[in-house]
Amino acid sequence: MADVIAAIEERRTTVLYDGTRDVSDEQITELVRLATRAPTAFNLQNWRFIAVHSPDAKARLRAVAWDQAKITEAAVTFIIVGQMADETTLPDRLAPAVQAGLMPAAMVDGWVAGAASLYAGQPWRQRDEAVRSASFGAATLFYAAHAMGLGSGPMIGFDPEGVAREFGLGENEVPVVLVAVGYGTPENWPQKPRRPVQDVLSIV
Ligand SMILES: Cc1cc2nc3c(=O)[nH]c(=O)nc-3n(C[C@H](O)[C@H](O)[C@H](O)COP(=O)(O)O)c2cc1C
């Protein structure tokens, strides 16, 4: 528990990366495995993670991301893709919970009906869920990276249509946020001070 709190207090946005230090495919896979432990509504898992790792892919991403240097300096940049919520995906997504004996099979239809009542024919809500799921996945990835001794930096400075075009996103997919990950240099600022908690908290 103390480790989790320490990670929350220590994590900072890494802007400057040591361009000579790479990460392995195993590290990339582990980061995404941990990121997908984040919760999603109905366990929809309506996300996809594109790890931009090769020099060519990094150059293509940088060209549609405000020429931000971290994309080529960081070891890898993830395009965190949210998928429009679609209740028809749920039986497949819930099957492992049923097989594990966690969830009675008869409950699945009820969850599908609940999801349909929220999302069917409601593109705005489908998109909200895409953004929520991808955001929780991104946040979990920050802390996984921190625990693995890596810095991370979220980026919204990109052209969404350009990213979708360059990296083949589907009609139902939203590039929610980019997350650079790599070894930070000592010049990075520590976490910046936050607004006082009493300015942002209402206990009602
Ligand atoms: C959604 C989001 C988008 C961001 N976009 C960018 C970006 O495009 N470029 C950049 O340099 N920093 C970007 N940042 C970094 C923020 O400026 C940084 O997280 C904030 O100043 C807090 O820093 P700290 O967590 O180190 O205290 C973004 C952060 C978030 C959460």
# chains A, B, ... in the order shown; residues from 1 in each chain; ligands from 1
>>> closest_atom_pairs(of="chain A", to="ligand 1", cutoff="10 Å", atoms="only C-alpha atoms and all ligand atoms", output="Markdown table")
| residue | atom | partner | partner_atom_place_in_ligand_line | distance |
| --- | --- | --- | --- | --- |
| A:Ile8 | CA | ligand 1 | 25 (O) | 9.7 |
| A:Glu9 | CA | ligand 1 | 25 (O) | 9.6 |
| A:Glu10 | CA | ligand 1 | 26 (O) | 9.0 |
| A:Arg11 | CA | ligand 1 | 25 (O) | 6.7 |
| A:Arg12 | CA | ligand 1 | 26 (O) | 3.6 |
| A:Thr13 | CA | ligand 1 | 26 (O) | 3.6 |
| A:Thr14 | CA | ligand 1 | 26 (O) | 6.8 |
| A:Val15 | CA | ligand 1 | 11 (O) | 6.1 |
| A:Leu16 | CA | ligand 1 | 11 (O) | 9.4 |
| A:Ala65 | CA | ligand 1 | 8 (O) | 7.9 |
| A:Trp66 | CA | ligand 1 | 8 (O) | 8.1 |
| A:Gln68 | CA | ligand 1 | 9 (N) | 7.3 |
| A:Ala69 | CA | ligand 1 | 11 (O) | 9.2 |
| A:Lys70 | CA | ligand 1 | 11 (O) | 8.1 |
| A:Ser135 | CA | ligand 1 | 1 (C) | 8.4 |
| A:Ala138 | CA | ligand 1 | 31 (C) | 9.5 |
| A:Ala139 | CA | ligand 1 | 31 (C) | 8.8 |
| A:Ser152 | CA | ligand 1 | 26 (O) | 9.4 |
| A:Gly153 | CA | ligand 1 | 15 (C) | 6.2 |
| A:Pro154 | CA | ligand 1 | 28 (C) | 4.7 |
| A:Met155 | CA | ligand 1 | 5 (N) | 3.2 |
| A:Ile156 | CA | ligand 1 | 5 (N) | 4.0 |
| A:Gly157 | CA | ligand 1 | 8 (O) | 3.6 |
| A:Phe158 | CA | ligand 1 | 8 (O) | 6.9 |
| A:Val176 | CA | ligand 1 | 1 (C) | 8.5 |
| A:Val177 | CA | ligand 1 | 1 (C) | 6.4 |
| A:Leu178 | CA | ligand 1 | 3 (C) | 8.0 |
| A:Val179 | CA | ligand 1 | 4 (C) | 8.8 |
| A:Ala180 | CA | ligand 1 | 10 (C) | 9.8 |
| A:Asn188 | CA | ligand 1 | 26 (O) | 8.7 |
| A:Trp189 | CA | ligand 1 | 26 (O) | 6.9 |
| A:Pro190 | CA | ligand 1 | 26 (O) | 6.1 |
| A:Gln191 | CA | ligand 1 | 27 (O) | 3.6 |
| A:Lys192 | CA | ligand 1 | 27 (O) | 3.7 |
| A:Pro193 | CA | ligand 1 | 27 (O) | 6.5 |
| A:Arg194 | CA | ligand 1 | 27 (O) | 7.5 |
>>> closest_atom_pairs(of="segment 116-156 of chain A", to="segment 20-41 of chain A", cutoff="8 Å", atoms="only C-alpha atoms", output="JSON lines")
{"residue": "A:Glu129", "atom": "CA", "partner": "A:Ala41", "partner_atom": "CA", "distance": 7.6}
{"residue": "A:Arg132", "atom": "CA", "partner": "A:Thr40", "partner_atom": "CA", "distance": 7.8}
{"residue": "A:Ser133", "atom": "CA", "partner": "A:Thr40", "partner_atom": "CA", "distance": 5.4}
{"residue": "A:Phe136", "atom": "CA", "partner": "A:Ala38", "partner_atom": "CA", "distance": 6.0}
{"residue": "A:Gly137", "atom": "CA", "partner": "A:Ala35", "partner_atom": "CA", "distance": 5.1}
{"residue": "A:Ala138", "atom": "CA", "partner": "A:Ala35", "partner_atom": "CA", "distance": 6.8}
{"residue": "A:Ala139", "atom": "CA", "partner": "A:Ala35", "partner_atom": "CA", "distance": 7.8}
{"residue": "A:Thr140", "atom": "CA", "partner": "A:Ala35", "partner_atom": "CA", "distance": 4.9}
{"residue": "A:Leu141", "atom": "CA", "partner": "A:Ala35", "partner_atom": "CA", "distance": 4.6}
{"residue": "A:Ala144", "atom": "CA", "partner": "A:Leu31", "partner_atom": "CA", "distance": 6.1}
{"residue": "A:Ala145", "atom": "CA", "partner": "A:Leu31", "partner_atom": "CA", "distance": 6.6}
>>> closest_residue(among="A:Ile80, A:Ile71, A:Leu102, A:Val108", to="Leu169 of chain A", atoms="only C-alpha atoms")
A:Ile80
>>> residues_around(residues="Asp159 of chain A", least_positions_apart="6", cutoff="10 Å", atoms="only C-alpha atoms", output="JSON, numbers by chain")
{"A": [61, 63, 64, 65, 66, 165, 175]}
>>> write_last_selection(atoms="all heavy atoms", output="short mmCIF file (atom, residue, chain, number, x, y, z; two decimals), in the first residue's frame")
data_model
loop_
_atom_site.label_atom_id
_atom_site.label_comp_id
_atom_site.auth_asym_id
_atom_site.auth_seq_id
_atom_site.Cartn_x
_atom_site.Cartn_y
_atom_site.Cartn_z
N LEU A 61 4.97 9.28 -36.52
CA LEU A 61 4.13 9.81 -35.45
C LEU A 61 4.52 11.25 -35.12
O LEU A 61 3.65 12.12 -34.96
CB LEU A 61 4.24 8.93 -34.19
CG LEU A 61 3.35 9.36 -33.02
CD1 LEU A 61 1.87 9.37 -33.41
CD2 LEU A 61 3.57 8.45 -31.80
N ALA A 63 5.64 13.47 -37.01
CA ALA A 63 5.19 14.39 -38.06
C ALA A 63 3.73 14.79 -37.87
O ALA A 63 3.31 15.84 -38.39
CB ALA A 63 5.38 13.74 -39.43
N VAL A 64 2.94 13.97 -37.15
CA VAL A 64 1.53 14.33 -36.93
C VAL A 64 1.29 14.67 -35.45
O VAL A 64 0.16 14.68 -34.98
CB VAL A 64 0.57 13.20 -37.39
CG1 VAL A 64 0.55 13.11 -38.91
CG2 VAL A 64 0.92 11.86 -36.76
N ALA A 65 2.38 14.96 -34.72
CA ALA A 65 2.26 15.24 -33.29
C ALA A 65 3.08 16.47 -32.93
O ALA A 65 3.93 16.43 -32.03
CB ALA A 65 2.66 14.02 -32.46
N TRP A 66 2.79 17.53 -33.65
CA TRP A 66 3.40 18.83 -33.35
C TRP A 66 4.92 18.76 -33.29
O TRP A 66 5.55 19.52 -32.57
CB TRP A 66 2.88 19.39 -32.01
CG TRP A 66 1.40 19.63 -31.95
CD1 TRP A 66 0.44 19.30 -32.87
CD2 TRP A 66 0.69 20.27 -30.88
NE1 TRP A 66 -0.79 19.68 -32.44
CE2 TRP A 66 -0.68 20.28 -31.23
CE3 TRP A 66 1.08 20.82 -29.66
CZ2 TRP A 66 -1.66 20.83 -30.40
CZ3 TRP A 66 0.12 21.36 -28.84
CH2 TRP A 66 -1.24 21.37 -29.21
N ARG A 165 -4.97 8.18 -39.62
CA ARG A 165 -4.59 7.83 -41.01
C ARG A 165 -3.26 7.06 -41.02
O ARG A 165 -3.16 6.00 -41.61
CB ARG A 165 -4.45 9.14 -41.80
CG ARG A 165 -4.21 8.97 -43.28
CD ARG A 165 -3.97 10.32 -43.96
NE ARG A 165 -2.80 11.02 -43.42
CZ ARG A 165 -2.83 12.19 -42.79
NH1 ARG A 165 -3.96 12.83 -42.61
NH2 ARG A 165 -1.71 12.74 -42.33
N PRO A 175 -8.03 8.02 -31.20
CA PRO A 175 -6.71 8.12 -30.58
C PRO A 175 -6.81 9.08 -29.40
O PRO A 175 -6.84 10.29 -29.56
CB PRO A 175 -5.84 8.71 -31.71
CG PRO A 175 -6.79 9.46 -32.58
CD PRO A 175 -8.16 8.86 -32.41
#
>>> closest_residue(among="A:Ala2, A:Met148, A:Val52, A:Ala7", to="Phe167 of chain A", atoms="only C-alpha atoms")
A:Val52
>>> residues_around(residues="segment 85-91 of chain A", least_positions_apart="3", cutoff="12 Å", atoms="only C-alpha atoms", output="PyMOL selection string")
chain A and resi 40-47+82+94-99+103+105-134+172-174
>>> select_by_dssp(residues="segment 5-167 of chain A", states="alpha helix (DSSP H)", output="VMD selection string")
chain A and resid 5 to 10 25 to 35 55 to 63 70 to 73 90 to 99 108 to 119 123 to 147 160 to 166
>>> write_last_selection(atoms="C-alpha atoms", output="mmCIF file, in the first residue's frame")
data_model
loop_
_atom_site.group_PDB
_atom_site.id
_atom_site.type_symbol
_atom_site.label_atom_id
_atom_site.label_comp_id
_atom_site.auth_asym_id
_atom_site.auth_seq_id
_atom_site.Cartn_x
_atom_site.Cartn_y
_atom_site.Cartn_z
ATOM 1 C CA ILE A 5 1.099 5.910 -2.405
ATOM 2 C CA ALA A 6 4.803 6.560 -2.957
ATOM 3 C CA ALA A 7 4.348 5.993 -6.702
ATOM 4 C CA ILE A 8 1.430 8.449 -6.797
ATOM 5 C CA GLU A 9 3.551 11.045 -5.004
ATOM 6 C CA GLU A 10 6.700 10.461 -7.051
ATOM 7 C CA ASP A 25 9.635 -5.886 -26.558
ATOM 8 C CA GLU A 26 9.248 -7.778 -23.249
ATOM 9 C CA GLN A 27 9.133 -4.490 -21.301
ATOM 10 C CA ILE A 28 6.600 -3.064 -23.775
ATOM 11 C CA THR A 29 4.435 -6.163 -23.447
ATOM 12 C CA GLU A 30 4.617 -6.076 -19.653
ATOM 13 C CA LEU A 31 3.619 -2.398 -19.596
ATOM 14 C CA VAL A 32 0.518 -3.132 -21.674
ATOM 15 C CA ARG A 33 -0.317 -6.275 -19.696
ATOM 16 C CA LEU A 34 -0.333 -4.143 -16.534
ATOM 17 C CA ALA A 35 -2.197 -1.247 -18.193
ATOM 18 C CA PRO A 55 12.640 4.766 -35.978
ATOM 19 C CA ASP A 56 10.373 4.879 -39.037
ATOM 20 C CA ALA A 57 7.151 4.670 -37.015
ATOM 21 C CA LYS A 58 8.453 7.278 -34.551
ATOM 22 C CA ALA A 59 9.205 9.679 -37.418
ATOM 23 C CA ARG A 60 5.702 9.170 -38.842
ATOM 24 C CA LEU A 61 4.127 9.813 -35.445
ATOM 25 C CA ARG A 62 6.270 12.864 -34.724
ATOM 26 C CA ALA A 63 5.186 14.391 -38.061
ATOM 27 C CA LYS A 70 10.008 13.236 -27.057
ATOM 28 C CA ILE A 71 8.446 10.967 -29.666
ATOM 29 C CA THR A 72 11.819 10.238 -31.220
ATOM 30 C CA GLU A 73 13.841 10.628 -27.979
ATOM 31 C CA LEU A 90 -19.553 -8.140 -24.300
ATOM 32 C CA PRO A 91 -20.289 -11.907 -24.458
ATOM 33 C CA ASP A 92 -16.735 -12.509 -25.702
ATOM 34 C CA ARG A 93 -15.200 -10.091 -23.207
ATOM 35 C CA LEU A 94 -17.077 -11.655 -20.283
ATOM 36 C CA ALA A 95 -16.528 -15.298 -21.316
ATOM 37 C CA PRO A 96 -13.277 -15.694 -19.323
ATOM 38 C CA ALA A 97 -15.051 -14.479 -16.150
ATOM 39 C CA VAL A 98 -17.808 -17.031 -16.770
ATOM 40 C CA GLN A 99 -15.264 -19.794 -17.464
ATOM 41 C CA VAL A 108 -24.242 -12.019 -19.257
ATOM 42 C CA ASP A 109 -27.493 -11.214 -21.081
ATOM 43 C CA GLY A 110 -28.401 -8.753 -18.332
ATOM 44 C CA TRP A 111 -25.078 -6.957 -18.703
ATOM 45 C CA VAL A 112 -25.506 -6.842 -22.487
ATOM 46 C CA ALA A 113 -28.975 -5.356 -22.026
ATOM 47 C CA GLY A 114 -27.620 -2.793 -19.543
ATOM 48 C CA ALA A 115 -24.850 -1.790 -21.921
ATOM 49 C CA ALA A 116 -27.290 -1.594 -24.853
ATOM 50 C CA SER A 117 -29.543 0.719 -22.852
ATOM 51 C CA LEU A 118 -26.602 3.036 -22.306
ATOM 52 C CA TYR A 119 -24.822 2.939 -25.676
ATOM 53 C CA PRO A 123 -22.601 7.755 -30.368
ATOM 54 C CA TRP A 124 -21.737 10.448 -27.823
ATOM 55 C CA ARG A 125 -21.930 7.977 -24.946
ATOM 56 C CA GLN A 126 -20.056 5.344 -26.970
ATOM 57 C CA ARG A 127 -17.272 7.868 -27.458
ATOM 58 C CA ASP A 128 -17.285 8.986 -23.812
ATOM 59 C CA GLU A 129 -16.677 5.354 -22.853
ATOM 60 C CA ALA A 130 -13.854 5.073 -25.395
ATOM 61 C CA VAL A 131 -12.171 8.094 -23.806
ATOM 62 C CA ARG A 132 -12.789 6.885 -20.247
ATOM 63 C CA SER A 133 -11.411 3.394 -20.879
ATOM 64 C CA ALA A 134 -8.335 4.637 -22.711
ATOM 65 C CA SER A 135 -7.689 7.244 -20.006
ATOM 66 C CA PHE A 136 -7.755 4.679 -17.203
ATOM 67 C CA GLY A 137 -5.494 2.428 -19.282
ATOM 68 C CA ALA A 138 -3.076 5.300 -19.869
ATOM 69 C CA ALA A 139 -3.007 6.242 -16.180
ATOM 70 C CA THR A 140 -2.330 2.649 -15.163
ATOM 71 C CA LEU A 141 0.469 2.524 -17.706
ATOM 72 C CA PHE A 142 2.103 5.614 -16.094
ATOM 73 C CA TYR A 143 2.340 3.811 -12.770
ATOM 74 C CA ALA A 144 3.462 0.527 -14.296
ATOM 75 C CA ALA A 145 6.243 2.446 -16.039
ATOM 76 C CA HIS A 146 7.205 4.172 -12.788
ATOM 77 C CA ALA A 147 7.384 0.819 -10.994
ATOM 78 C CA PRO A 160 -6.116 12.970 -34.365
ATOM 79 C CA GLU A 161 -7.007 12.559 -38.056
ATOM 80 C CA GLY A 162 -3.308 12.330 -38.954
ATOM 81 C CA VAL A 163 -2.671 9.682 -36.264
ATOM 82 C CA ALA A 164 -5.740 7.710 -37.375
ATOM 83 C CA ARG A 165 -4.587 7.833 -41.007
ATOM 84 C CA GLU A 166 -0.915 6.994 -40.370
#
>>> select_by_dssp(residues="chain A", states="strand (DSSP E)", output="list in words")
Trp47, Arg48, Phe49, Ile50, Ala51, Val52, Val76, Thr77, Phe78, Ile79, Ile80, Val81, Gly82, Gln83, Gly151, Ser152, Gly153, Pro154, Met155, Glu173, Val174, Pro175, Val176, Val177, Leu178, Val179, Ala180, Val181 and Gly182 of chain A
>>> atom_distance(atom1="atom CA of Arg48 of chain A", atom2="atom CA of Gln83 of chain A")
7.6 Å
>>> closest_residue(among="A:Val181, A:Ala100, A:Val197, A:Val4", to="Ala75 of chain A", atoms="only C-alpha atoms")
A:Val181
>>> atom_distance(atom1="atom CA of Gly182 of chain A", atom2="atom CA of Met1 of chain A")
25.2 Å
>>> atom_distance(atom1="atom CA of Ile50 of chain A", atom2="atom CA of Val81 of chain A")
7.6 Å
